[in-house]
file data.txt (compact mmCIF, C-alpha atoms and all ligand atoms)
# COMPACT_ATOMS: atom_id res chain seq x y z
CA MET A 1 110.38 -26.95 56.59
CA LYS A 2 108.64 -23.60 56.26
CA LYS A 3 108.41 -24.09 52.52
CA SER A 4 106.78 -27.53 52.78
CA LYS A 5 104.33 -26.17 55.34
CA SER A 6 103.26 -23.42 52.98
CA ILE A 7 102.85 -25.91 50.11
CA PHE A 8 100.70 -27.98 52.44
CA THR A 9 98.59 -24.93 53.37
CA THR A 10 98.16 -24.03 49.68
CA LEU A 11 97.06 -27.57 48.93
CA LEU A 12 94.54 -27.51 51.76
CA LEU A 13 93.16 -24.21 50.49
CA ALA A 14 92.90 -25.58 46.97
CA VAL A 15 91.02 -28.67 48.21
CA ALA A 16 88.71 -26.50 50.32
CA LEU A 17 88.00 -24.24 47.32
CA LEU A 18 87.30 -27.26 45.13
CA CYS A 19 84.85 -28.60 47.71
CA VAL A 20 83.05 -25.28 47.93
CA SER A 21 82.83 -24.84 44.18
CA ALA A 22 81.63 -28.44 43.76
CA GLU A 23 78.77 -27.83 46.12
CA PRO A 24 75.50 -27.62 44.20
CA VAL A 25 73.85 -24.25 44.41
CA SER A 26 70.46 -23.58 42.91
CA ALA A 27 69.33 -20.27 41.42
CA GLY A 28 68.04 -19.11 44.77
CA GLY A 29 71.36 -19.90 46.38
CA LYS A 30 69.85 -22.80 48.31
CA LYS A 31 71.64 -26.15 48.43
CA GLU A 32 70.13 -28.90 46.34
CA ALA A 33 70.32 -32.56 47.18
CA VAL A 34 72.05 -34.14 44.21
CA GLU A 35 72.42 -37.79 43.43
CA THR A 36 76.10 -38.50 43.21
CA SER A 37 77.09 -41.80 41.71
CA SER A 38 80.12 -41.69 43.98
CA SER A 39 78.45 -42.82 47.18
CA PHE A 40 75.69 -45.25 48.01
CA SER A 41 74.67 -45.81 51.57
CA VAL A 42 72.66 -48.82 52.72
CA LEU A 43 70.94 -49.45 56.03
CA VAL A 44 70.51 -53.16 56.70
CA TYR A 45 67.60 -53.22 59.14
CA ILE A 46 67.60 -56.49 61.10
CA THR A 47 64.15 -57.21 62.55
CA GLY A 48 65.48 -59.07 65.57
CA MET A 49 69.08 -60.08 66.22
CA LEU A 50 71.64 -61.49 63.81
CA ALA A 51 72.81 -64.40 65.93
CA GLY A 52 70.84 -67.60 65.38
CA SER A 53 68.73 -66.19 62.51
CA PRO A 54 70.08 -67.49 59.18
CA PRO A 55 68.09 -65.10 56.93
CA TYR A 56 69.52 -62.12 58.80
CA GLU A 57 73.08 -63.42 59.03
CA LEU A 58 73.08 -64.17 55.30
CA MET A 59 71.64 -60.75 54.44
CA ALA A 60 74.29 -58.95 56.50
CA ALA A 61 77.02 -61.13 54.97
CA GLY A 62 75.81 -60.34 51.45
CA ALA A 63 75.67 -56.60 52.09
CA GLU A 64 79.09 -56.56 53.73
CA SER A 65 80.72 -58.54 50.95
CA PHE A 66 79.14 -56.22 48.37
CA ALA A 67 80.47 -53.16 50.21
CA ALA A 68 83.90 -54.79 50.44
CA SER A 69 84.05 -55.05 46.66
CA HIS A 70 82.50 -51.63 45.91
CA SER A 71 84.44 -48.80 47.50
CA ASN A 72 81.61 -46.28 47.00
CA VAL A 73 79.12 -48.42 48.94
CA SER A 74 78.76 -48.15 52.69
CA VAL A 75 76.67 -50.44 54.84
CA LYS A 76 75.29 -49.98 58.32
CA ILE A 77 73.86 -53.06 60.04
CA TYR A 78 71.24 -52.19 62.64
CA GLU A 79 69.81 -54.85 64.97
CA ALA A 80 66.33 -53.69 65.91
CA GLY A 81 65.75 -56.24 68.70
CA PHE A 82 62.70 -58.34 69.39
CA ASN A 83 60.13 -55.71 70.35
CA GLN A 84 58.08 -55.64 67.15
CA ALA A 85 55.93 -52.78 68.45
CA GLU A 86 58.99 -50.50 68.30
CA TRP A 87 60.17 -51.30 64.78
CA GLU A 88 58.24 -48.62 62.85
CA GLU A 89 59.24 -45.79 65.16
CA GLN A 90 62.83 -47.01 65.29
CA LEU A 91 63.07 -47.27 61.50
CA SER A 92 61.51 -43.82 61.12
CA SER A 93 64.16 -42.22 63.27
CA LEU A 94 66.93 -43.97 61.34
CA VAL A 95 65.43 -42.88 58.02
CA ALA A 96 64.88 -39.32 59.29
CA SER A 97 68.65 -38.76 59.25
CA GLY A 98 68.42 -38.78 55.42
CA GLU A 99 71.65 -40.73 55.51
CA PHE A 100 70.57 -43.81 53.58
CA ASP A 101 69.96 -44.23 49.86
CA LEU A 102 68.40 -47.59 50.59
CA VAL A 103 66.90 -49.55 53.46
CA LEU A 104 67.34 -53.29 53.09
CA GLY A 105 65.47 -55.79 55.26
CA SER A 106 64.27 -59.39 55.34
CA ASN A 107 60.96 -60.07 57.01
CA PRO A 108 57.41 -60.72 55.81
CA SER A 109 56.07 -58.03 58.15
CA LEU A 110 58.48 -55.30 57.01
CA PRO A 111 56.77 -53.95 53.86
CA GLU A 112 53.79 -52.66 55.82
CA ILE A 113 56.08 -51.02 58.33
CA CYS A 114 58.10 -49.47 55.47
CA ALA A 115 54.87 -48.23 53.86
CA GLY A 116 54.10 -46.42 57.11
CA VAL A 117 57.62 -44.95 57.31
CA GLY A 118 57.46 -44.07 53.61
CA LYS A 119 54.40 -41.88 54.18
CA ARG A 120 56.53 -39.63 56.36
CA PHE A 121 59.67 -39.92 54.18
CA PRO A 122 58.44 -40.33 50.58
CA ASN A 123 61.92 -40.23 49.05
CA GLN A 124 63.18 -43.19 51.01
CA LYS A 125 63.55 -46.47 49.06
CA PHE A 126 63.10 -49.90 50.65
CA ILE A 127 63.99 -53.37 49.37
CA ILE A 128 62.67 -56.27 51.42
CA THR A 129 63.38 -59.97 50.87
CA ASP A 130 61.32 -62.84 52.31
CA ALA A 131 58.22 -60.74 51.70
CA SER A 132 55.62 -60.04 49.06
CA TYR A 133 54.15 -56.56 48.57
CA THR A 134 53.19 -54.69 45.42
CA GLY A 135 51.87 -51.31 44.36
CA ASN A 136 54.02 -49.01 46.50
CA ASP A 137 56.55 -47.01 44.46
CA SER A 138 59.01 -46.88 47.35
CA ILE A 139 59.09 -50.62 48.05
CA CYS A 140 60.43 -53.59 46.11
CA THR A 141 60.09 -57.14 47.50
CA TYR A 142 61.52 -60.60 46.79
CA MET A 143 59.69 -63.61 48.14
CA TYR A 144 61.29 -67.02 48.63
CA ASN A 145 58.99 -69.87 47.74
CA GLN A 146 59.17 -71.32 51.24
CA TYR A 147 56.33 -73.72 50.47
CA GLU A 148 58.85 -75.51 48.20
CA GLN A 149 61.64 -75.67 50.77
CA SER A 150 59.18 -77.01 53.35
CA LEU A 151 57.82 -79.49 50.80
CA TYR A 152 61.17 -81.22 50.24
CA LEU A 153 62.28 -80.97 53.89
CA GLY A 154 58.86 -82.42 54.85
CA TYR A 155 59.32 -85.23 52.33
CA LEU A 156 62.68 -86.07 53.93
CA ALA A 157 61.11 -85.93 57.41
CA GLY A 158 58.39 -88.29 56.12
CA LEU A 159 60.95 -90.77 54.77
CA ILE A 160 62.82 -90.70 58.09
CA THR A 161 59.84 -91.03 60.45
CA THR A 162 58.69 -94.11 58.52
CA SER A 163 62.22 -95.55 58.32
CA ARG A 164 64.20 -98.00 60.41
CA MET A 165 66.72 -95.35 61.38
CA ALA A 166 67.85 -95.76 65.00
CA LYS A 167 65.81 -92.94 66.54
CA ALA A 168 62.71 -93.33 64.36
CA ASN A 169 59.78 -94.78 66.35
CA PRO A 170 56.84 -96.72 64.86
CA GLU A 171 54.53 -93.68 65.09
CA LYS A 172 54.09 -91.70 61.90
CA LYS A 173 54.34 -88.35 63.61
CA ILE A 174 56.56 -85.36 62.89
CA GLY A 175 56.88 -82.05 64.74
CA PHE A 176 57.12 -78.36 63.90
CA ILE A 177 58.14 -75.64 66.36
CA ALA A 178 57.43 -72.04 65.36
CA ALA A 179 58.48 -68.87 67.14
CA GLN A 180 55.25 -67.12 66.25
CA GLU A 181 52.42 -67.44 63.76
CA TYR A 182 52.28 -65.21 60.66
CA PRO A 183 50.73 -65.67 57.19
CA LEU A 184 53.87 -66.99 55.43
CA LEU A 185 54.33 -69.55 58.19
CA ASN A 186 50.70 -70.62 58.46
CA LYS A 187 49.95 -70.69 54.74
CA HIS A 188 53.23 -71.78 53.12
CA ILE A 189 55.83 -73.10 55.54
CA VAL A 190 53.81 -75.42 57.79
CA PRO A 191 51.39 -76.72 55.10
CA GLY A 192 54.36 -77.36 52.78
CA PHE A 193 56.08 -79.40 55.49
CA LEU A 194 53.04 -81.62 56.10
CA ASP A 195 52.18 -81.91 52.39
CA GLY A 196 55.76 -83.04 51.67
CA ALA A 197 55.72 -85.60 54.50
CA ARG A 198 52.41 -86.99 53.22
CA MET A 199 53.93 -87.43 49.76
CA ALA A 200 56.26 -89.91 51.48
CA ASP A 201 53.42 -91.50 53.47
CA PRO A 202 49.83 -90.20 53.55
CA GLY A 203 49.34 -91.50 57.10
CA ILE A 204 51.75 -88.98 58.66
CA SER A 205 50.43 -86.43 61.17
CA LEU A 206 52.00 -83.20 62.44
CA ASP A 207 52.35 -81.88 65.98
CA PHE A 208 52.64 -78.07 65.68
CA ARG A 209 53.61 -75.84 68.63
CA VAL A 210 54.42 -72.15 69.09
CA VAL A 211 57.15 -70.70 71.37
CA GLY A 212 55.79 -67.14 71.50
CA ASN A 213 59.07 -65.39 70.67
CA TRP A 214 62.28 -65.79 68.63
CA TYR A 215 64.78 -66.30 71.45
CA ASP A 216 63.48 -68.56 74.23
CA ALA A 217 65.49 -71.76 73.70
CA ASN A 218 64.33 -73.16 77.07
CA LYS A 219 60.69 -72.92 76.05
CA ALA A 220 61.48 -74.57 72.69
CA ALA A 221 63.32 -77.33 74.57
CA ASP A 222 60.27 -77.92 76.82
CA LEU A 223 57.96 -78.04 73.81
CA ALA A 224 60.27 -80.48 72.01
CA SER A 225 60.41 -82.69 75.07
CA SER A 226 56.64 -82.96 75.31
CA MET A 227 56.34 -83.54 71.55
CA ILE A 228 58.91 -86.36 71.69
CA ALA A 229 56.94 -87.88 74.57
CA GLY A 230 53.87 -87.67 72.30
CA GLY A 231 55.59 -89.65 69.54
CA ALA A 232 57.17 -87.04 67.24
CA ASP A 233 60.62 -88.15 66.08
CA VAL A 234 61.54 -85.75 63.22
CA PHE A 235 61.29 -81.99 63.67
CA ALA A 236 61.54 -78.72 61.81
CA ALA A 237 61.65 -75.26 63.37
CA ILE A 238 61.26 -71.68 62.25
CA ALA A 239 62.23 -70.15 65.53
CA GLY A 240 65.44 -68.10 65.20
CA GLY A 241 67.69 -68.54 68.25
CA ALA A 242 65.01 -70.55 70.09
CA ALA A 243 65.61 -73.44 67.66
CA GLN A 244 68.78 -74.27 69.61
CA GLY A 245 66.54 -75.59 72.41
CA LEU A 246 64.95 -78.06 69.99
CA ILE A 247 68.36 -79.20 68.70
CA LYS A 248 69.65 -79.78 72.26
CA THR A 249 66.56 -81.75 73.29
CA ALA A 250 66.57 -83.80 70.10
CA ALA A 251 70.23 -84.70 70.77
CA GLU A 252 69.58 -85.59 74.41
CA GLN A 253 66.32 -87.50 73.96
CA GLY A 254 66.88 -89.13 70.59
CA ALA A 255 65.07 -87.38 67.75
CA TYR A 256 65.98 -85.93 64.35
CA VAL A 257 65.83 -82.39 62.98
CA VAL A 258 65.62 -81.08 59.43
CA PHE A 259 66.72 -77.46 59.19
CA HIS A 260 65.52 -74.61 56.97
CA ASN A 261 67.67 -71.98 55.25
CA THR A 262 71.25 -72.82 56.26
CA ASN A 263 73.90 -75.50 56.78
CA GLU A 264 73.46 -76.47 60.40
CA TYR A 265 74.70 -80.10 60.26
CA SER A 266 77.73 -79.50 62.46
CA ALA A 267 75.60 -78.09 65.31
CA ALA A 268 74.47 -81.65 66.07
CA PRO A 269 75.96 -84.35 63.82
CA GLY A 270 73.61 -87.29 63.36
CA VAL A 271 70.72 -85.28 64.84
CA ILE A 272 70.40 -82.69 62.08
CA VAL A 273 69.77 -84.97 59.12
CA GLY A 274 68.88 -82.52 56.37
CA CYS A 275 69.53 -78.83 55.69
CA GLY A 276 67.87 -76.60 53.15
CA ILE A 277 69.61 -73.48 51.93
CA MET A 278 68.30 -70.02 51.20
CA GLU A 279 70.61 -68.18 48.78
CA GLN A 280 70.00 -64.91 50.54
CA LYS A 281 73.65 -63.81 50.37
CA LYS A 282 73.65 -64.23 46.58
CA LEU A 283 70.26 -62.51 46.24
CA VAL A 284 71.35 -59.55 48.37
CA GLU A 285 74.53 -59.08 46.32
CA GLU A 286 72.47 -59.13 43.11
CA ILE A 287 69.91 -56.72 44.56
CA LEU A 288 72.59 -54.24 45.63
CA LEU A 289 74.19 -54.32 42.18
CA ASP A 290 70.80 -53.61 40.59
CA ALA A 291 70.15 -50.84 43.12
CA LEU A 292 73.51 -49.25 42.39
CA GLU A 293 72.79 -49.36 38.67
CA GLY A 294 69.26 -47.98 39.11
CA LYS A 295 67.65 -51.18 37.82
CA ILE A 296 65.27 -51.92 40.71
CA GLN A 297 61.59 -51.97 39.77
CA TYR A 298 59.93 -50.46 42.80
CA GLY A 299 56.30 -51.39 43.31
CA THR A 300 56.92 -54.98 42.20
CA SER A 301 57.51 -58.34 43.86
CA ARG A 302 59.43 -61.31 42.50
CA THR A 303 59.09 -64.89 43.78
CA VAL A 304 62.23 -67.04 43.80
CA GLY A 305 62.47 -70.74 44.58
CA VAL A 306 64.31 -73.93 43.67
CA LYS A 307 63.96 -73.54 39.89
CA GLU A 308 65.41 -70.04 39.98
CA GLY A 309 68.34 -71.23 42.13
CA TYR A 310 67.54 -69.39 45.37
CA LEU A 311 66.42 -72.35 47.48
CA GLY A 312 68.29 -75.62 47.66
CA PHE A 313 69.38 -78.56 49.75
CA ILE A 314 72.85 -79.38 51.09
CA ALA A 315 73.26 -82.97 49.91
CA ASP A 316 77.05 -83.19 49.73
CA ASP A 317 77.89 -82.60 53.39
CA PRO A 318 79.57 -85.70 54.90
CA LEU A 319 77.39 -85.22 58.00
CA TYR A 320 74.38 -85.85 55.73
CA THR A 321 75.80 -88.65 53.62
CA SER A 322 77.22 -90.51 56.62
CA HIS A 323 74.10 -90.34 58.82
CA VAL A 324 71.26 -90.78 56.34
CA PRO A 325 71.00 -94.21 54.66
CA GLU A 326 71.58 -94.38 50.92
CA ASP A 327 68.07 -95.57 50.02
CA ILE A 328 66.56 -92.54 51.75
CA ARG A 329 69.04 -90.19 50.09
CA ASN A 330 68.25 -91.68 46.69
CA LYS A 331 64.50 -91.26 47.14
CA PHE A 332 65.05 -87.74 48.41
CA ASN A 333 67.33 -86.84 45.46
CA SER A 334 64.75 -87.90 42.94
CA PHE A 335 61.97 -86.01 44.77
CA PHE A 336 64.13 -82.87 44.94
CA ALA A 337 64.93 -83.18 41.23
CA ASP A 338 61.19 -83.45 40.52
CA VAL A 339 60.46 -80.32 42.58
CA LYS A 340 63.18 -78.51 40.65
CA ALA A 341 61.76 -79.70 37.33
CA GLY A 342 58.26 -78.59 38.31
CA LYS A 343 57.04 -82.20 38.23
CA ILE A 344 55.48 -82.18 41.71
CA PRO A 345 52.07 -80.57 41.35
CA TYR A 346 51.03 -78.10 44.00
CA SER A 347 49.38 -74.72 44.12
CA LEU A 348 50.97 -71.95 46.15
CA PRO A 349 48.30 -70.76 48.59
CA PRO A 350 47.66 -67.00 48.54
CA LEU A 351 49.08 -65.15 51.56
N1 LIG B 1 63.32 -65.38 61.46
C1 LIG B 1 64.44 -65.55 62.15
O1 LIG B 1 65.25 -66.40 61.77
N2 LIG B 1 64.71 -64.79 63.27
C2 LIG B 1 63.86 -63.85 63.74
O2 LIG B 1 64.13 -63.21 64.76
C3 LIG B 1 62.65 -63.64 63.00
N3 LIG B 1 61.75 -62.70 63.40
C4 LIG B 1 60.57 -62.57 62.71
C5 LIG B 1 59.62 -61.65 63.13
C6 LIG B 1 58.40 -61.51 62.45
C7 LIG B 1 57.38 -60.52 62.91
C8 LIG B 1 58.14 -62.31 61.30
C9 LIG B 1 56.85 -62.19 60.54
C10 LIG B 1 59.09 -63.23 60.89
C11 LIG B 1 60.30 -63.37 61.56
N4 LIG B 1 61.26 -64.29 61.15
C12 LIG B 1 62.43 -64.45 61.85
C13 LIG B 1 60.97 -65.20 60.05
C14 LIG B 1 61.74 -64.97 58.81
O3 LIG B 1 61.47 -63.70 58.35
C15 LIG B 1 61.41 -66.03 57.79
O4 LIG B 1 60.07 -65.97 57.41
C16 LIG B 1 61.70 -67.40 58.27
O5 LIG B 1 62.96 -67.46 58.80
C17 LIG B 1 61.54 -68.43 57.16
O6 LIG B 1 62.48 -68.26 56.20

call {"tool": "encode", "arguments": {"input": "data.txt", "output": "structure tokens"}}
result
Amino acid sequence: MKKSKSIFTTLLLAVALLCVSAEPVSAGGKKEAVETSSSFSVLVYITGMLAGSPPYELMAAGAESFAASHSNVSVKIYEAGFNQAEWEEQLSSLVASGEFDLVLGSNPSLPEICAGVGKRFPNQKFIITDASYTGNDSICTYMYNQYEQSLYLGYLAGLITTSRMAKANPEKKIGFIAAQEYPLLNKHIVPGFLDGARMADPGISLDFRVVGNWYDANKAADLASSMIAGGADVFAAIAGGAAQGLIKTAAEQGAYVVFHNTNEYSAAPGVIVGCGIMEQKKLVEEILLDALEGKIQYGTSRTVGVKEGYLGFIADDPLYTSHVPEDIRNKFNSFFADVKAGKIPYSLPPL
């Protein structure tokens, strides 16, 4: 017993000595921060809450699955909440710990916030998806071509509002509910939706309303109700958790919804009649691999869309094939194939 204890003590001492001798010491005897390839720490900064926000849920899932398959990678998911005025200060205090090799986020407004934080912490690196920002050596961005996703979801909405489907009325009116207005929404997402619908029928008009935040499902439900009363019968929403209010009202009052970014069919079968997909999980896994291997080009922005395989449409779900008539699905398939092949002319408006 005594003997094994002393072996244990010797081992402990040896480990302690190894740790001390491995510690980097500069000529002046001061500790140096050294890059060790053995650990890589990532802060996933969620600008809101995970629940109900597909881009955030997919980002967290991608980071967690990457960490699960790379033992030297650790991931901390931080939900910043909905008070946008607090985000920069909050992120600064997280970064101040010096704990993170990388901050990962997904929000068009984040690069500017990161630029502000980066002025105080110039060694901190940031990678932001769903955003476009160039010329800052600490920030790399990846922008989804959301005009494209809105274009094909809008085309589907246009086919449905002009169809004989049970809940489609004679009015050629579709609806869009947004949580808040911001350049990507106003210049890409909403115009893409209307442009796509008008490629199905040029006489279609759009009723556009704003909730005012990303969580108030009751307000979204009230808006949807008044829009349905005004003749809208097919909706899209970029509203985070608030979108659930639209889905509930559409189910109760008889309207359809096409959904951006994720497979939401099962939330309301027969009501949600088309789902786009944002391959954010895949993109995040690829980004983290590049970051680990030092291959990120900071200061640059890359745009990814249908052609590149980062935006798509879920066409094989039985809740789609069983609720949307075949002629509409066929027209949609050929339109989507044309978007993918670059055969639908459009110019991406500057942000
Ligand atoms: N999308 C969400 O799904 N949930 C959110 O809470 C959310 N908050 C946002 C806050 C700001 C200030 C901005 C500019 C965008 C936000 N988005 C949110 C939108 C998101 O980043 C993305 O643009 C859309 O989801 C379209 O893909």

call {"tool": "closest_residue", "arguments": {"input": "data.txt", "among": "A:Ala255, A:Ile139, A:Val210, A:Leu159", "to": "Ile238 of chain A", "atoms": "all atoms listed in the file"}}
result
A:Val210

call {"tool": "residues_around", "arguments": {"input": "data.txt", "residues": "Gln146 of chain A", "least_positions_apart": "2", "cutoff": "10 Å", "atoms": "only C-alpha atoms", "output": "number ranges by chain"}}
result
A: 130, 143-144, 148-151, 184-185, 187-190, 192-193, 260-261, 278, 303-306, 311, 348

call {"tool": "residues_near_point", "arguments": {"input": "data.txt", "point": "(64.4, -80.0, 71.2)", "cutoff": "10 Å", "atoms": "only C-alpha atoms", "output": "JSON, numbers by chain"}}
result
{"A": [177, 217, 218, 219, 220, 221, 222, 223, 224, 225, 226, 227, 228, 235, 236, 237, 242, 243, 244, 245, 246, 247, 248, 249, 250, 251, 252, 253, 254, 255, 256, 257]}

call {"tool": "closest_atom_pairs", "arguments": {"input": "data.txt", "of": "chain A", "to": "ligand LIG 1 (chain B)", "cutoff": "6 Å", "atoms": "only C-alpha atoms and all ligand atoms", "output": "tab-separated table"}}
result
residue	atom	partner	partner_atom	distance
A:Gly48	CA	B:LIG1	O2	4.4
A:Ser53	CA	B:LIG1	O1	3.6
A:Pro54	CA	B:LIG1	O1	5.6
A:Pro55	CA	B:LIG1	O1	5.8
A:Ser106	CA	B:LIG1	O3	6.0
A:Asn107	CA	B:LIG1	O3	3.9
A:Pro108	CA	B:LIG1	C9	5.0
A:Ser109	CA	B:LIG1	C9	4.9
A:Tyr182	CA	B:LIG1	C9	5.5
A:Trp214	CA	B:LIG1	O2	5.0
A:Ile238	CA	B:LIG1	O5	5.7
A:Gly240	CA	B:LIG1	O1	3.8

call {"tool": "write_last_selection", "arguments": {"input": "data.txt", "atoms": "C-alpha atoms", "output": "short mmCIF file (atom, residue, chain, number, x, y, z; two decimals), in the coordinates of the input"}}
result
data_model
loop_
_atom_site.label_atom_id
_atom_site.label_comp_id
_atom_site.auth_asym_id
_atom_site.auth_seq_id
_atom_site.Cartn_x
_atom_site.Cartn_y
_atom_site.Cartn_z
CA GLY A 48 65.48 -59.07 65.57
CA SER A 53 68.73 -66.19 62.51
CA PRO A 54 70.08 -67.49 59.18
CA PRO A 55 68.09 -65.10 56.93
CA SER A 106 64.27 -59.39 55.34
CA ASN A 107 60.96 -60.07 57.01
CA PRO A 108 57.41 -60.72 55.81
CA SER A 109 56.07 -58.03 58.15
CA TYR A 182 52.28 -65.21 60.66
CA TRP A 214 62.28 -65.79 68.63
CA ILE A 238 61.26 -71.68 62.25
CA GLY A 240 65.44 -68.10 65.20
#

call {"tool": "atom_distance", "arguments": {"input": "data.txt", "atom1": "atom CA of Leu43 of chain A", "atom2": "atom CA of Gln84 of chain A"}}
result
18.1 Å

call {"tool": "residues_around", "arguments": {"input": "data.txt", "residues": "Asp317 of chain A", "least_positions_apart": "5", "cutoff": "10 Å", "atoms": "all atoms listed in the file", "output": "list in words"}}
result
Asn263, Tyr265, Ser266, Gly274, Cys275 and Ser322 of chain A

call {"tool": "atom_distance", "arguments": {"input": "data.txt", "atom1": "atom CA of Ile344 of chain A", "atom2": "atom CA of Gly312 of chain A"}}
result
15.6 Å

call {"tool": "residues_around", "arguments": {"input": "data.txt", "residues": "Lys76 of chain A", "least_positions_apart": "3", "cutoff": "8 Å", "atoms": "all atoms listed in the file", "output": "MDAnalysis selection string"}}
result
chainID A and resid 41:44

call {"tool": "residues_near_point", "arguments": {"input": "data.txt", "point": "(60.8, -49.3, 65.8)", "cutoff": "12 Å", "atoms": "all atoms listed in the file", "output": "number ranges by chain"}}
result
A: 45-48, 78-95, 110, 113-114, 116-117

call {"tool": "closest_residue", "arguments": {"input": "data.txt", "among": "A:Tyr133, A:Glu279, A:Ile296, A:Gln180", "to": "Gly309 of chain A", "atoms": "all atoms listed in the file"}}
result
A:Glu279

call {"tool": "atom_distance", "arguments": {"input": "data.txt", "atom1": "atom CA of Lys125 of chain A", "atom2": "atom CA of Tyr147 of chain A"}}
result
28.2 Å

call {"tool": "closest_residue", "arguments": {"input": "data.txt", "among": "A:Ala60, A:Ala96, A:Val73, A:Ala68", "to": "Ser38 of chain A", "atoms": "only C-alpha atoms"}}
result
A:Val73

call {"tool": "closest_residue", "arguments": {"input": "data.txt", "among": "A:Lys307, A:Ala232, A:Phe100, A:Leu156", "to": "Asn330 of chain A", "atoms": "only C-alpha atoms"}}
result
A:Leu156

call {"tool": "closest_residue", "arguments": {"input": "data.txt", "among": "A:Leu288, A:Ala267, A:Ala197, A:Ala166", "to": "Ile128 of chain A", "atoms": "all atoms listed in the file"}}
result
A:Leu288

call {"tool": "axis_aligned_box", "arguments": {"input": "data.txt", "around": "segment 280-288 of chain A", "padding_each_side": "8 Å", "output": "lines of an AutoDock Vina configuration file"}}
result
center_x = 72.2
center_y = -59.6
center_z = 46.8
size_x = 20.6
size_y = 26.7
size_z = 23.4
